[in-house]
Amino acid sequence: MALRRLPAISSLTLLIVLVLCAWRPPTASAGFEPVSPAELQMSKEPQAPGAAAVILFRQVDRDDTGRTAHENNYFRIKILTEEGRKYADIEIPFFKDRGTVGNIRARTIRPDGSIANFDGKVFDKSIAKARGLKYLAKTFTLPDVQVGSIIEYYYTIDLAENFVFDSHWILSNELFTKSAKFSLKPYESDYSTMNVRWSWQGLPPGTAPPKQSPDRVVRLETSNIPAFQMEDFMPPENEMKSRVDFIYSDEQPESDAAAFWKKTGKKLNGQLEDFVGKRKAMEQVVAQIVSPTDPPEVKAQKIYARVQQVRNTSYEVSKTEQEQKRAKEKPLSNVEELWKRGYGNGVQLTWLYLALVRAAGIEAYGVWVSDRSNYFFHPNVMDRSNLDANVVLVKLNGKDVYCDPGAAFTPFGLLTWPETNVQGLRLDKDGGSWVQTNLPRSSASRIDRKANLKMSDGGDLEGKLTIAYTGLESVRRRVEMRNEDETNRKKFLEDEVREYVPAAIEVDLTNKPDWSSSESSLVAEFTLKIPGWAAGAGRRALVPVGLFSATEQRIFDHANRVHPIYFEFPFEKHDDITIEPPAGWQVSSVPAAQKQDGHVVVYSLQVENSKNTLHLTRDLSVDVLLLDPKYYPALRNFFQVVRTSDEEQIVLQPGTASASN
């Protein structure tokens, strides 16, 4: 997962915060609001038929006025069915380096109106979501929750100091919401004029847009917010939800998007040139890295590799303010200073690369791009903070090559997945121009699994497995495990193998993969045992061919689709498996070769019997990023064929039977 890297040289630093889906009443400090008889007697919600639970009321009161922004949050939830009792297990997610959660209060109102206050322990828990995303959560369980109960809780998020936060109200929730209120006290500065404006999308029908009162507080009241449906392989959920986005600026707002971005581009280019404009010093550095006779592409790659060796503070474990002072890590003002100190954050290292390739005589441009991991970019919104990652556009042999050495473990010429296929502002003195970063082909990011296995008389498979992760597949794993010890890295890789195989297995990592490189594949070697993989049927043994097919068995099961289909990046999986049957057994039959070509998704499977040794090759490629829901039936049918093919079986018989292909 790419790390969010913020500009250190802008006049207004904005930190994007993932706002948590939970809210609190204005009187929370004084206790909970009374529960009405109608809420106690409620047994169903006509606008959410069959719902296990509904949110009766939710509220956020956010205050950005002080040095430390904070947000008071509240939920009141009605439990309607036995399944709804699961909502008694509360998770309050947060990111450790962006704030803390405190002032937690909770209670259960039983169907008869009696109250059970929560007085148990709150735990910190690490939560792993899809695609490698991890966060912490405050977790606890409310007492005595029954069908007909009401649960409610509130808490405060204290956000990190000395930042102006770009705020979002995320209205949608996994449960239907009957009523909700939101408020924001905007940030005010004693040093410059701070303006706040807002835009919205998907407000529930009949909801009036947010308005600012004479007291400067922005407020919104809404009701009957539909439950948000989560789906596998969907665009970033906050992008799809009903929401309000707030934008802080120290400049007067523009009415014309083109004029806004031209003015913004000139300002960003001026800041960039101030930071990289140390040509003579950079020429001296380049002379230490490249040879004058090197071709431009070799120079670009050598400089890239050298920049990635510089200490990158964006990928280090977060330090406290006191630790930073002790380390004397003062802000850097230019690339010369960065080089002398020997460290910088990801943004600064990418700009260092720009300065060095220019000093090597190569045409190159700085580009601010829009990270697509949480939101999609909309230029008409005119929000500078939405261009939240930086890359370098290098002109080599008439081609545009995008580079981001400030993104750790990312190979030359490849961007982290949130930076691919996105709009970016290529900077120059005239205000810049829009460009589109490239989308790598599926072959650039592969998982290659090679297994050499023997089958026992009892049907067990045992042998060696080697997995090579390349491109964005290796980047993701190296970034995720960058601060872990060898024990956790070993467990991580072994757990992934367990996810691949649709059976209980025994697996042990036997080598020490290279976790530090950006150019080489991440290669892991294992011993593997799959007990009982072959099933007996009379005088025959049946061997399923889909040895590493488990991850494809669990996707696109649902008949209907609401959201677009969204893959983070194109990818390929290639399996090369050799199986030696037990002594005295012969291969009786193998499945016919399979080839399913869906143009943007392709699958093939081939099983060969050579000298009574089985050779299985399986390939799956996904060469698409975003598909309209209307293509979901075709995509679902494709993966149903994949699952059916993976369930085909090889038939083995005692050696008296003749072998055949």
# chains A, B, ... in the order shown; residues from 1 in each chain; ligands from 1

call {"tool": "select_by_dssp", "arguments": {"residues": "range 539-569 of chain A", "states": "strand (DSSP E or B)", "output": "list in words"}}
result
Arg540, Ala541, Leu542, Val543, Pro544, Ile565 and Tyr566 of chain A

call {"tool": "residues_around", "arguments": {"residues": "range 389-391 of chain A", "least_positions_apart": "6", "cutoff": "6 Å", "atoms": "only C-alpha atoms", "output": "compact mmCIF listing (two decimals) with all heavy atoms, in the first residue's frame"}}
result
# COMPACT_ATOMS: atom_id res chain seq x y z
N VAL A 367 5.80 16.77 -11.33
CA VAL A 367 4.37 16.57 -11.53
C VAL A 367 3.71 16.27 -10.19
O VAL A 367 4.16 15.38 -9.45
CB VAL A 367 4.09 15.39 -12.50
CG1 VAL A 367 2.59 15.27 -12.78
CG2 VAL A 367 4.86 15.56 -13.81
N TRP A 368 2.65 17.02 -9.88
CA TRP A 368 1.79 16.68 -8.75
C TRP A 368 0.62 15.86 -9.28
O TRP A 368 -0.06 16.29 -10.21
CB TRP A 368 1.27 17.93 -8.04
CG TRP A 368 2.26 18.55 -7.10
CD1 TRP A 368 2.96 19.70 -7.27
CD2 TRP A 368 2.66 18.02 -5.83
NE1 TRP A 368 3.77 19.94 -6.21
CE2 TRP A 368 3.61 18.92 -5.30
CE3 TRP A 368 2.31 16.89 -5.10
CZ2 TRP A 368 4.21 18.72 -4.05
CZ3 TRP A 368 2.92 16.68 -3.86
CH2 TRP A 368 3.85 17.58 -3.35
N VAL A 369 0.40 14.67 -8.71
CA VAL A 369 -0.65 13.78 -9.18
C VAL A 369 -1.66 13.51 -8.07
O VAL A 369 -1.43 13.81 -6.89
CB VAL A 369 -0.07 12.45 -9.70
CG1 VAL A 369 0.88 12.69 -10.86
CG2 VAL A 369 0.63 11.68 -8.58
N CYS A 403 8.60 8.47 -12.80
CA CYS A 403 9.43 7.88 -11.74
C CYS A 403 9.04 8.47 -10.39
O CYS A 403 8.70 9.65 -10.29
CB CYS A 403 10.91 8.15 -12.00
SG CYS A 403 11.53 7.48 -13.55
N ASP A 404 9.15 7.64 -9.36
CA ASP A 404 8.89 8.11 -8.00
C ASP A 404 9.84 7.41 -7.03
O ASP A 404 9.46 6.49 -6.31
CB ASP A 404 7.44 7.83 -7.60
CG ASP A 404 7.07 8.47 -6.27
OD1 ASP A 404 7.93 9.17 -5.69
OD2 ASP A 404 5.94 8.28 -5.81

call {"tool": "closest_residue", "arguments": {"among": "A:Ile555, A:Val35, A:Val641, A:Val651", "to": "Val587 in chain A", "atoms": "only C-alpha atoms"}}
result
A:Val651

call {"tool": "atom_distance", "arguments": {"atom1": "CA of Glu174 in chain A", "atom2": "CA of Met230 in chain A"}}
result
7.6 Å

call {"tool": "closest_residue", "arguments": {"among": "A:Asp557, A:Glu33, A:Glu519, A:Glu82", "to": "Pro405 in chain A", "atoms": "only C-alpha atoms"}}
result
A:Glu519

call {"tool": "closest_residue", "arguments": {"among": "A:Phe376, A:Leu465, A:Leu626, A:Tyr315", "to": "Glu480 in chain A", "atoms": "only C-alpha atoms"}}
result
A:Tyr315

call {"tool": "residues_around", "arguments": {"residues": "range 346-362 of chain A", "least_positions_apart": "3", "cutoff": "6 Å", "atoms": "only C-alpha atoms", "output": "VMD selection string"}}
result
chain A and resid 276 282 to 283 314 335 404 to 406

call {"tool": "write_last_selection", "arguments": {"atoms": "N, CA, C and O atoms", "output": "tab-separated table (two decimals), in the first residue's frame"}}
result
chain	number	residue	atom	x	y	z
A	276	VAL	N	14.56	22.93	-5.68
A	276	VAL	CA	15.50	22.15	-6.51
A	276	VAL	C	16.56	23.01	-7.19
A	276	VAL	O	17.49	22.48	-7.80
A	282	MET	N	24.20	20.15	-7.53
A	282	MET	CA	23.68	18.89	-8.05
A	282	MET	C	24.59	18.33	-9.14
A	282	MET	O	24.74	17.11	-9.27
A	283	GLU	N	25.22	19.18	-9.94
A	283	GLU	CA	26.16	18.70	-10.95
A	283	GLU	C	27.34	18.00	-10.30
A	283	GLU	O	27.86	17.00	-10.81
A	314	SER	N	9.75	9.05	5.44
A	314	SER	CA	8.32	8.76	5.30
A	314	SER	C	8.00	7.31	5.62
A	314	SER	O	6.85	6.98	5.91
A	335	VAL	N	17.44	21.01	-2.00
A	335	VAL	CA	18.04	19.70	-2.27
A	335	VAL	C	19.50	19.62	-1.84
A	335	VAL	O	19.98	18.55	-1.47
A	404	ASP	N	9.15	7.64	-9.36
A	404	ASP	CA	8.89	8.11	-8.00
A	404	ASP	C	9.84	7.41	-7.03
A	404	ASP	O	9.46	6.49	-6.31
A	405	PRO	N	11.11	7.84	-7.00
A	405	PRO	CA	12.07	7.20	-6.10
A	405	PRO	C	11.76	7.46	-4.63
A	405	PRO	O	12.28	6.75	-3.76
A	406	GLY	N	10.94	8.46	-4.34
A	406	GLY	CA	10.53	8.70	-2.96
A	406	GLY	C	9.56	7.67	-2.44
A	406	GLY	O	9.28	7.62	-1.24

call {"tool": "residues_around", "arguments": {"residues": "Thr177 in chain A", "least_positions_apart": "4", "cutoff": "6 Å", "atoms": "only C-alpha atoms", "output": "number ranges by chain"}}
result
A: 55, 224-225

call {"tool": "residues_around", "arguments": {"residues": "range 63-69 of chain A", "least_positions_apart": "2", "cutoff": "12 Å", "atoms": "only C-alpha atoms", "output": "PyMOL selection string"}}
result
chain A and resi 15+17+60-61+71-73+98-100+156-167+182-190+194+196+216-218+246+248

call {"tool": "residues_around", "arguments": {"residues": "range 445-447 of chain A", "least_positions_apart": "6", "cutoff": "12 Å", "atoms": "only C-alpha atoms", "output": "short mmCIF file (atom, residue, chain, number, x, y, z; two decimals) with N, CA, C and O atoms, in the first residue's frame"}}
result
data_model
loop_
_atom_site.label_atom_id
_atom_site.label_comp_id
_atom_site.auth_asym_id
_atom_site.auth_seq_id
_atom_site.Cartn_x
_atom_site.Cartn_y
_atom_site.Cartn_z
N THR A 410 10.00 0.91 -4.95
CA THR A 410 9.37 0.99 -6.27
C THR A 410 10.43 1.00 -7.35
O THR A 410 11.32 1.85 -7.35
N PRO A 411 10.39 0.06 -8.32
CA PRO A 411 11.42 -0.01 -9.36
C PRO A 411 11.40 1.21 -10.27
O PRO A 411 10.38 1.90 -10.40
N LEU A 414 8.35 2.60 -12.72
CA LEU A 414 7.07 2.10 -12.21
C LEU A 414 6.63 3.00 -11.07
O LEU A 414 7.45 3.40 -10.24
N LEU A 415 5.36 3.32 -11.03
CA LEU A 415 4.79 4.11 -9.95
C LEU A 415 4.04 3.21 -8.99
O LEU A 415 3.60 2.12 -9.36
N THR A 416 3.86 3.66 -7.75
CA THR A 416 2.98 2.93 -6.84
C THR A 416 1.57 2.92 -7.43
O THR A 416 1.19 3.84 -8.17
N TRP A 417 0.79 1.90 -7.10
CA TRP A 417 -0.49 1.75 -7.81
C TRP A 417 -1.41 2.95 -7.67
O TRP A 417 -2.12 3.30 -8.64
N LEU A 439 -0.59 3.40 -17.10
CA LEU A 439 -1.07 2.23 -16.39
C LEU A 439 -0.24 1.04 -16.85
O LEU A 439 -0.26 0.69 -18.03
N THR A 466 8.31 -22.39 -4.59
CA THR A 466 8.99 -21.10 -4.71
C THR A 466 8.01 -20.09 -5.29
O THR A 466 7.36 -20.36 -6.30
N ILE A 467 7.89 -18.94 -4.63
CA ILE A 467 7.00 -17.87 -5.10
C ILE A 467 7.84 -16.63 -5.35
O ILE A 467 8.61 -16.19 -4.49
N ALA A 468 7.69 -16.05 -6.54
CA ALA A 468 8.38 -14.80 -6.89
C ALA A 468 7.33 -13.72 -7.12
O ALA A 468 6.43 -13.88 -7.96
N TYR A 469 7.43 -12.64 -6.36
CA TYR A 469 6.54 -11.49 -6.51
C TYR A 469 7.32 -10.40 -7.25
O TYR A 469 8.42 -10.01 -6.83
N THR A 470 6.75 -9.88 -8.34
CA THR A 470 7.43 -8.84 -9.09
C THR A 470 6.54 -7.61 -9.23
O THR A 470 5.32 -7.68 -9.06
N GLY A 471 7.18 -6.48 -9.59
CA GLY A 471 6.43 -5.25 -9.83
C GLY A 471 5.66 -4.78 -8.62
O GLY A 471 6.15 -4.80 -7.49
N LEU A 472 4.43 -4.38 -8.84
CA LEU A 472 3.61 -3.84 -7.75
C LEU A 472 3.26 -4.90 -6.71
O LEU A 472 2.95 -4.56 -5.57
N GLU A 473 3.32 -6.17 -7.09
CA GLU A 473 3.08 -7.24 -6.11
C GLU A 473 4.21 -7.26 -5.08
O GLU A 473 3.96 -7.45 -3.88
N SER A 474 5.45 -7.05 -5.51
CA SER A 474 6.56 -7.02 -4.56
C SER A 474 6.56 -5.72 -3.76
O SER A 474 6.85 -5.71 -2.56
N VAL A 475 6.24 -4.60 -4.43
CA VAL A 475 6.22 -3.30 -3.74
C VAL A 475 5.25 -3.35 -2.56
O VAL A 475 5.58 -2.93 -1.44
N ARG A 476 4.05 -3.85 -2.80
CA ARG A 476 3.03 -3.88 -1.75
C ARG A 476 3.53 -4.64 -0.53
O ARG A 476 3.39 -4.19 0.62
N ARG A 477 4.13 -5.80 -0.74
CA ARG A 477 4.55 -6.63 0.38
C ARG A 477 5.75 -6.03 1.10
O ARG A 477 5.83 -6.09 2.33
N GLU A 496 0.11 -16.15 3.59
CA GLU A 496 -0.33 -15.95 2.22
C GLU A 496 -0.44 -17.28 1.47
O GLU A 496 -1.39 -17.50 0.71
N VAL A 497 0.52 -18.17 1.69
CA VAL A 497 0.44 -19.48 1.04
C VAL A 497 -0.81 -20.22 1.51
O VAL A 497 -1.50 -20.87 0.72
N TYR A 500 -3.72 -19.22 -0.47
CA TYR A 500 -3.76 -19.68 -1.86
C TYR A 500 -4.35 -21.08 -2.00
O TYR A 500 -4.99 -21.39 -3.01
N SER A 521 12.96 -9.20 -7.76
CA SER A 521 11.72 -9.81 -7.28
C SER A 521 11.87 -10.19 -5.81
O SER A 521 12.98 -10.43 -5.31
N LEU A 522 10.75 -10.26 -5.12
CA LEU A 522 10.71 -10.79 -3.76
C LEU A 522 10.48 -12.29 -3.89
O LEU A 522 9.40 -12.72 -4.31
N VAL A 523 11.50 -13.08 -3.58
CA VAL A 523 11.45 -14.52 -3.80
C VAL A 523 11.41 -15.23 -2.45
O VAL A 523 12.27 -15.01 -1.59
N ALA A 524 10.40 -16.09 -2.28
CA ALA A 524 10.23 -16.85 -1.04
C ALA A 524 10.20 -18.33 -1.36
O ALA A 524 9.51 -18.77 -2.29
N PHE A 548 -3.57 -23.85 -6.27
CA PHE A 548 -3.46 -22.50 -5.69
C PHE A 548 -4.64 -21.63 -6.12
O PHE A 548 -4.49 -20.45 -6.44
N GLU A 568 -7.08 -2.58 -8.30
CA GLU A 568 -6.08 -1.54 -7.99
C GLU A 568 -5.05 -1.41 -9.10
O GLU A 568 -4.61 -0.30 -9.43
N PHE A 569 -4.65 -2.54 -9.69
CA PHE A 569 -3.71 -2.50 -10.79
C PHE A 569 -3.81 -3.82 -11.56
O PHE A 569 -4.21 -4.84 -11.01
N PRO A 570 -3.48 -3.81 -12.85
CA PRO A 570 -3.46 -5.06 -13.62
C PRO A 570 -2.40 -6.02 -13.05
O PRO A 570 -1.35 -5.59 -12.57
N PHE A 571 -2.67 -7.32 -13.15
CA PHE A 571 -1.75 -8.30 -12.56
C PHE A 571 -1.87 -9.63 -13.28
O PHE A 571 -2.83 -9.89 -14.01
N GLU A 572 -0.88 -10.49 -13.03
CA GLU A 572 -0.87 -11.85 -13.57
C GLU A 572 -0.49 -12.83 -12.47
O GLU A 572 0.28 -12.50 -11.57
N LYS A 573 -1.05 -14.03 -12.58
CA LYS A 573 -0.65 -15.15 -11.73
C LYS A 573 -0.27 -16.31 -12.64
O LYS A 573 -1.02 -16.65 -13.55
N HIS A 574 0.88 -16.90 -12.37
CA HIS A 574 1.36 -18.03 -13.17
C HIS A 574 1.76 -19.16 -12.23
O HIS A 574 2.57 -18.95 -11.32
N ASP A 575 1.20 -20.34 -12.45
CA ASP A 575 1.52 -21.52 -11.65
C ASP A 575 2.17 -22.57 -12.53
O ASP A 575 1.68 -22.89 -13.62
N ASP A 576 3.27 -23.12 -12.04
CA ASP A 576 4.00 -24.19 -12.72
C ASP A 576 4.22 -25.29 -11.69
O ASP A 576 5.06 -25.16 -10.80
N ARG A 618 -0.99 -23.08 -15.02
CA ARG A 618 -2.23 -22.30 -14.86
C ARG A 618 -1.87 -20.83 -14.93
O ARG A 618 -0.93 -20.38 -14.26
N ASP A 619 -2.59 -20.07 -15.75
CA ASP A 619 -2.34 -18.64 -15.90
C ASP A 619 -3.64 -17.86 -15.76
O ASP A 619 -4.67 -18.26 -16.32
N LEU A 620 -3.56 -16.77 -15.03
CA LEU A 620 -4.69 -15.85 -14.91
C LEU A 620 -4.16 -14.44 -15.03
O LEU A 620 -3.22 -14.05 -14.33
N SER A 621 -4.72 -13.65 -15.94
CA SER A 621 -4.30 -12.25 -16.08
C SER A 621 -5.53 -11.35 -16.05
O SER A 621 -6.57 -11.67 -16.61
N VAL A 622 -5.37 -10.23 -15.37
CA VAL A 622 -6.40 -9.19 -15.30
C VAL A 622 -5.76 -7.91 -15.80
O VAL A 622 -4.85 -7.37 -15.17
N ASP A 623 -6.21 -7.44 -16.98
CA ASP A 623 -5.59 -6.28 -17.63
C ASP A 623 -6.58 -5.15 -17.74
O ASP A 623 -6.74 -4.53 -18.79
#

call {"tool": "closest_residue", "arguments": {"among": "A:Phe260, A:Trp200, A:Phe140, A:Tyr135", "to": "Ala88 in chain A", "atoms": "only C-alpha atoms"}}
result
A:Phe140

call {"tool": "closest_residue", "arguments": {"among": "A:Val244, A:Leu509, A:Val642, A:Val624", "to": "Lys595 in chain A", "atoms": "only C-alpha atoms"}}
result
A:Val642

call {"tool": "closest_residue", "arguments": {"among": "A:Leu268, A:Ala559, A:Ala451, A:Ala305", "to": "Glu580 in chain A", "atoms": "only C-alpha atoms"}}
result
A:Ala451

call {"tool": "atom_distance", "arguments": {"atom1": "CA of Ala227 in chain A", "atom2": "CA of Met240 in chain A"}}
result
12.3 Å

call {"tool": "residues_around", "arguments": {"residues": "Asp144 in chain A", "least_positions_apart": "2", "cutoff": "9 Å", "atoms": "only C-alpha atoms", "output": "list of chain:residue names"}}
result
A:Ala88, A:Thr108, A:Ile109, A:Arg110, A:Ala116, A:Leu142, A:Gln146, A:Ser149

call {"tool": "write_last_selection", "arguments": {"atoms": "C-alpha atoms", "output": "mmCIF file, in the first residue's frame"}}
result
data_model
loop_
_atom_site.group_PDB
_atom_site.id
_atom_site.type_symbol
_atom_site.label_atom_id
_atom_site.label_comp_id
_atom_site.auth_asym_id
_atom_site.auth_seq_id
_atom_site.Cartn_x
_atom_site.Cartn_y
_atom_site.Cartn_z
ATOM 1 C CA ALA A 88 -22.816 -4.976 20.232
ATOM 2 C CA THR A 108 -27.403 -0.791 26.466
ATOM 3 C CA ILE A 109 -31.085 0.063 26.836
ATOM 4 C CA ARG A 110 -32.988 -3.211 27.211
ATOM 5 C CA ALA A 116 -26.921 -1.616 31.460
ATOM 6 C CA LEU A 142 -21.726 -3.834 25.115
ATOM 7 C CA GLN A 146 -31.074 -8.475 22.967
ATOM 8 C CA SER A 149 -32.403 -3.364 22.602
#

call {"tool": "atom_distance", "arguments": {"atom1": "CA of Lys299 in chain A", "atom2": "CA of Gly431 in chain A"}}
result
28.7 Å

call {"tool": "decode", "arguments": {"residues": "range 113-123 of chain A", "atoms": "all heavy atoms", "output": "CSV table (one decimal), in the first residue's frame"}}
result
chain,number,residue,atom,x,y,z
A,113,GLY,N,-36.7,-1.0,28.8
A,113,GLY,CA,-36.3,0.4,29.2
A,113,GLY,C,-35.2,0.4,30.3
A,113,GLY,O,-34.7,1.5,30.5
A,114,SER,N,-34.9,-0.7,30.9
A,114,SER,CA,-33.8,-0.7,31.9
A,114,SER,C,-32.5,-0.5,31.2
A,114,SER,O,-32.3,-0.8,30.0
A,114,SER,CB,-33.9,-2.0,32.7
A,114,SER,OG,-33.7,-3.1,31.9
A,115,ILE,N,-31.5,-0.1,31.9
A,115,ILE,CA,-30.2,0.3,31.3
A,115,ILE,C,-29.0,-0.5,31.9
A,115,ILE,O,-29.0,-0.7,33.1
A,115,ILE,CB,-29.9,1.8,31.6
A,115,ILE,CG1,-31.0,2.6,30.8
A,115,ILE,CG2,-28.5,2.2,31.1
A,115,ILE,CD1,-30.9,4.1,31.1
A,116,ALA,N,-28.2,-1.0,31.0
A,116,ALA,CA,-26.9,-1.6,31.5
A,116,ALA,C,-25.8,-0.8,30.9
A,116,ALA,O,-25.5,-0.7,29.7
A,116,ALA,CB,-26.8,-3.0,30.9
A,117,ASN,N,-25.1,-0.1,31.8
A,117,ASN,CA,-24.0,0.8,31.4
A,117,ASN,C,-22.7,-0.1,31.2
A,117,ASN,O,-22.5,-1.1,31.8
A,117,ASN,CB,-23.7,1.8,32.5
A,117,ASN,CG,-24.7,2.9,32.6
A,117,ASN,OD1,-25.1,3.5,31.6
A,117,ASN,ND2,-25.2,3.1,33.8
A,118,PHE,N,-22.0,0.3,30.2
A,118,PHE,CA,-20.7,-0.4,29.9
A,118,PHE,C,-19.7,0.1,30.9
A,118,PHE,O,-19.4,1.3,31.0
A,118,PHE,CB,-20.3,-0.1,28.5
A,118,PHE,CG,-18.9,-0.6,28.2
A,118,PHE,CD1,-18.6,-1.9,28.0
A,118,PHE,CD2,-17.8,0.3,28.1
A,118,PHE,CE1,-17.4,-2.4,27.7
A,118,PHE,CE2,-16.5,-0.1,27.8
A,118,PHE,CZ,-16.3,-1.5,27.6
A,119,ASP,N,-19.1,-0.9,31.6
A,119,ASP,CA,-18.0,-0.6,32.5
A,119,ASP,C,-16.9,-1.6,32.3
A,119,ASP,O,-16.1,-1.8,33.2
A,119,ASP,CB,-18.5,-0.6,34.0
A,119,ASP,CG,-19.1,-1.9,34.4
A,119,ASP,OD1,-19.1,-2.9,33.5
A,119,ASP,OD2,-19.6,-2.0,35.5
A,120,GLY,N,-16.8,-2.2,31.1
A,120,GLY,CA,-15.7,-3.1,30.9
A,120,GLY,C,-14.5,-2.5,30.4
A,120,GLY,O,-14.3,-1.3,30.4
A,121,LYS,N,-13.6,-3.3,29.8
A,121,LYS,CA,-12.3,-2.9,29.3
A,121,LYS,C,-12.4,-2.6,27.8
A,121,LYS,O,-13.0,-3.3,27.1
A,121,LYS,CB,-11.3,-4.0,29.6
A,121,LYS,CG,-9.8,-3.5,29.3
A,121,LYS,CD,-8.8,-4.6,29.8
A,121,LYS,CE,-7.4,-4.2,29.5
A,121,LYS,NZ,-7.0,-2.9,30.1
A,122,VAL,N,-11.7,-1.5,27.4
A,122,VAL,CA,-11.5,-1.2,26.0
A,122,VAL,C,-10.2,-1.6,25.6
A,122,VAL,O,-9.1,-1.4,26.2
A,122,VAL,CB,-11.7,0.3,25.8
A,122,VAL,CG1,-11.4,0.7,24.3
A,122,VAL,CG2,-13.1,0.8,26.2
A,123,PHE,N,-10.1,-2.4,24.4
A,123,PHE,CA,-8.9,-2.9,23.9
A,123,PHE,C,-8.4,-2.2,22.7
A,123,PHE,O,-9.2,-1.7,21.9
A,123,PHE,CB,-9.1,-4.4,23.6
A,123,PHE,CG,-9.5,-5.3,24.8
A,123,PHE,CD1,-10.8,-5.5,25.1
A,123,PHE,CD2,-8.5,-5.8,25.6
A,123,PHE,CE1,-11.2,-6.3,26.2
A,123,PHE,CE2,-8.9,-6.6,26.7
A,123,PHE,CZ,-10.2,-6.8,27.0
